[in-house]
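Engineer: My structure is below; once you've seen it, I'll send some questions.
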Amino acid sequence: MQKINKVVIKIGTSILTGNDGKINPKKIDDIANQIQQIRRKDVETVLVTSGAIASGMEMLKITKKPKEIGKRQALASVGQVMLMSMYSEAFRKRGLHIGQILITHEDIKDKTRCINLMNTLNRLISMEVIPVINENDALSFTEIQVGDNDNLSAMIAQIISADLLLLLSDVEGLYEKNPKKYPNSKLLKTVKKIDEKIWSIAEDTQSEKSIGGMLSKIEAAKKAGLYGIHTRIVNGHIKNVIVRVIEGEEIGTLFLPERKLSRNKWWTAFAYRPKGKIWIDKGAEKAIRENGKSLLPSGIIKVEGQFTRGDCVEILNEAGMIISKGITNYHSHEIDLIKGLKTVEIEKKLGYKYTEEVIHRDNMVVL
Ligand code: GLU
């Protein structure tokens with residue numbers, strides 16, 4: 001990797017909490033100390049931190065994470081204050097300031113709000129303030145939330161065009177097999193491409209307090225990698241790990257980027273939530289994946305969900321794998337009528353035609 005100028009660091013709850021499940025102030029102090037060191041090397045830094053719910057549990061003396069969403073929201077509301085006051089104090093001692101931003105997926109998928117977020121982040125960075133981000137858990141619920149901070153940090157890395165997404169977790173990195181089942185399995189130092197094999201070893205290691213297991217980390221690395229960003233997964237308990245990674249030490253697992261999507265395609269790939277699914281046959285799959293073609297009605301087998309022109313949809317192959325996402329030119333009920341037809345037959349069937357393509361190549365991202 002070349003020199004890192006801009007990094008997004010994601011701190012998982014398991015890094016902040018001790019065996020007793022309580023937030024360890026020493027750990028927060030250590031993170032602030034390391035960030036002070038990399039700031040001295042002119043590395044622009046954004047923190048994405050979990051721990052609001054764990055802090056809330058600690059404050060209100062609750063030992064088991066509640067399942068009920070309302071309770072979690074309340075705990076996050078209480079805990080976020082405690083969490084931020086600890087960060088604020090740790091940075092203030094070092095002459096550094098932090099700025100809190102709490103977001104939900106709504107702030108990313110809406111272009112105006114996302115640009116606003118981007119501007120605020122860039123402004124904070126230019127004022128040498130360290131943005132500290134978390135999901136707005138107090139107000140978020142399934143439909144509007146990102147859901148885990150691994151994916152959230154990847155989107156933040158994309159929004160500010162970071163060079164590196166650094167995921168601090170309680171595992172060493174990605175192993176060639178689940179190390180809990182196979183203690184002798186080897187740590188992968190570099191992953192060139194996130195393919196089927198990588199997905200299959202990314203077993204979900206959900207723990208009591210943290211949401212993101214290996215699966216969400218791989219999702220995050222995949223996202224970042226499609227936007228030209230490297231991702232490194234490291235054990236956050238390793239001494240001085242942030243500084244050492246920034247200095248070029250090869251700790252944990254590094255995921256190389258695949259390509260750099262344009263901002264326009266970024267919206268389609270990551271920011272918009274798909275409203276439906278379109279299944280396509282082998283011929284259409286080949287045309288899209290290998291020949292860079294648009295999606296025509298003839299290759300469509302099935303459509304699912306209710307969506308309208310301009311919505312984002314997922315394109316699935318016959319095996320049910322999502323191969324692409326795109327912005328549709330037709331309503332779901334129209335696609336249902338024209339599926340399997342030749343483009344010349346669209347008008348005959350519907351009585352009108354918007355375009356020959358159901359999804360134009362320019363509005364499509366192959367994943
Ligand atoms: N936002 C959650 C919290 O602060 C954590 C989400 C995650 O760990 O991915 O408790």
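Chain identifiers are assigned as A, B, and so on, following the order in which chains appear in the structure tokens; residues are numbered from 1 within each chain, and ligands are numbered from 1 in order of appearance.
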Set the cut-off to 6 Å, count only C-alpha atoms and all ligand atoms, and list whatever residues fall near ligand 1 as a list of chain:residue names.

Structural biologist: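 Within the 6 Å cut-off, the matching residues are A:Gly12, A:Thr13, A:Ser50, A:Gly51, A:Ala52, A:Ile53, A:Ala54, A:Asn134, A:Glu135, A:Asp137, A:Asp148, A:Asn149, A:Asp150, A:Ser210, A:Ile211, A:Gly212.
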
Engineer: Could you pull the residues within 12 Å of region 223-226 of chain A, counting only C-alpha atoms, minus those fewer than 3 positions along the same chain, as a VMD selection string?

Structural biologist: chain A and resid 7 to 8 150 to 167 191 to 194 216 to 220 229 to 232 254 to 263 265 to 267 269 to 271 365 to 367

Engineer: Would you please work out which residue, of A:Lys93, A:Arg39, A:Lys197, A:Lys177, is nearest to Ile130 (chain A) when using only C-alpha atoms?

Structural biologist: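 Nearest to Ile130 (chain A): A:Arg39.
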
Engineer: When DSSP is applied to the backbone of this structure, which of region 74-140 of chain A are assigned helix (DSSP H, G or I)? Write them out as a count of residues only.

Structural biologist: 39

Engineer: Name all residues at most 12 Å from Ile201 (chain A) (count only C-alpha atoms; drop same-chain ones fewer than 3 positions away) and give them as a list in words.

Structural biologist: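 These residues fall inside the cut-off: Gly173, Leu174, Tyr175, Glu176, Lys177, Asn178, Pro179, Lys180, Lys181, Tyr182, Ser185, Leu187, Leu188, Ile194, Asp195, Glu196, Lys197, Ile198, Asp204, Thr205, Gly213, Met214, Leu215, Lys217 and Ile218 of chain A.
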
Engineer: Neighbouring residues of Glu345 (chain A) were defined as those with any atom within 12 Å, considering only C-alpha atoms; residues of the same chain fewer than 4 positions away were excluded. Please report them as a list in words.

Structural biologist: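 Counting only the stated atoms, we get Leu296, Pro297, Ser298, Leu337, Ile338, Lys339, Gly340, Leu341, Lys349, Leu350, Gly351, Tyr352, Lys353, Thr355 and Glu356 of chain A.
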
Engineer: Using the selection just defined, write its residues with C-alpha atoms as a compact mmCIF listing (two decimals), in the first residue's frame.

Structural biologist:
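Output below, filename again-v7.txt:
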# COMPACT_ATOMS: atom_id res chain seq x y z
CA LEU A 296 -33.34 -6.12 -21.99
CA PRO A 297 -36.80 -7.65 -21.40
CA SER A 298 -35.91 -10.81 -23.33
CA LEU A 337 -45.87 -8.00 -18.75
CA ILE A 338 -42.84 -7.60 -21.01
CA LYS A 339 -40.52 -10.22 -19.49
CA GLY A 340 -39.20 -12.64 -22.08
CA LEU A 341 -40.27 -10.40 -24.99
CA LYS A 349 -47.64 -5.26 -25.28
CA LEU A 350 -47.81 -2.07 -23.21
CA GLY A 351 -49.15 0.38 -25.78
CA TYR A 352 -46.08 2.57 -25.12
CA LYS A 353 -42.36 2.24 -24.64
CA THR A 355 -36.74 2.72 -23.53
CA GLU A 356 -35.50 -0.50 -25.07
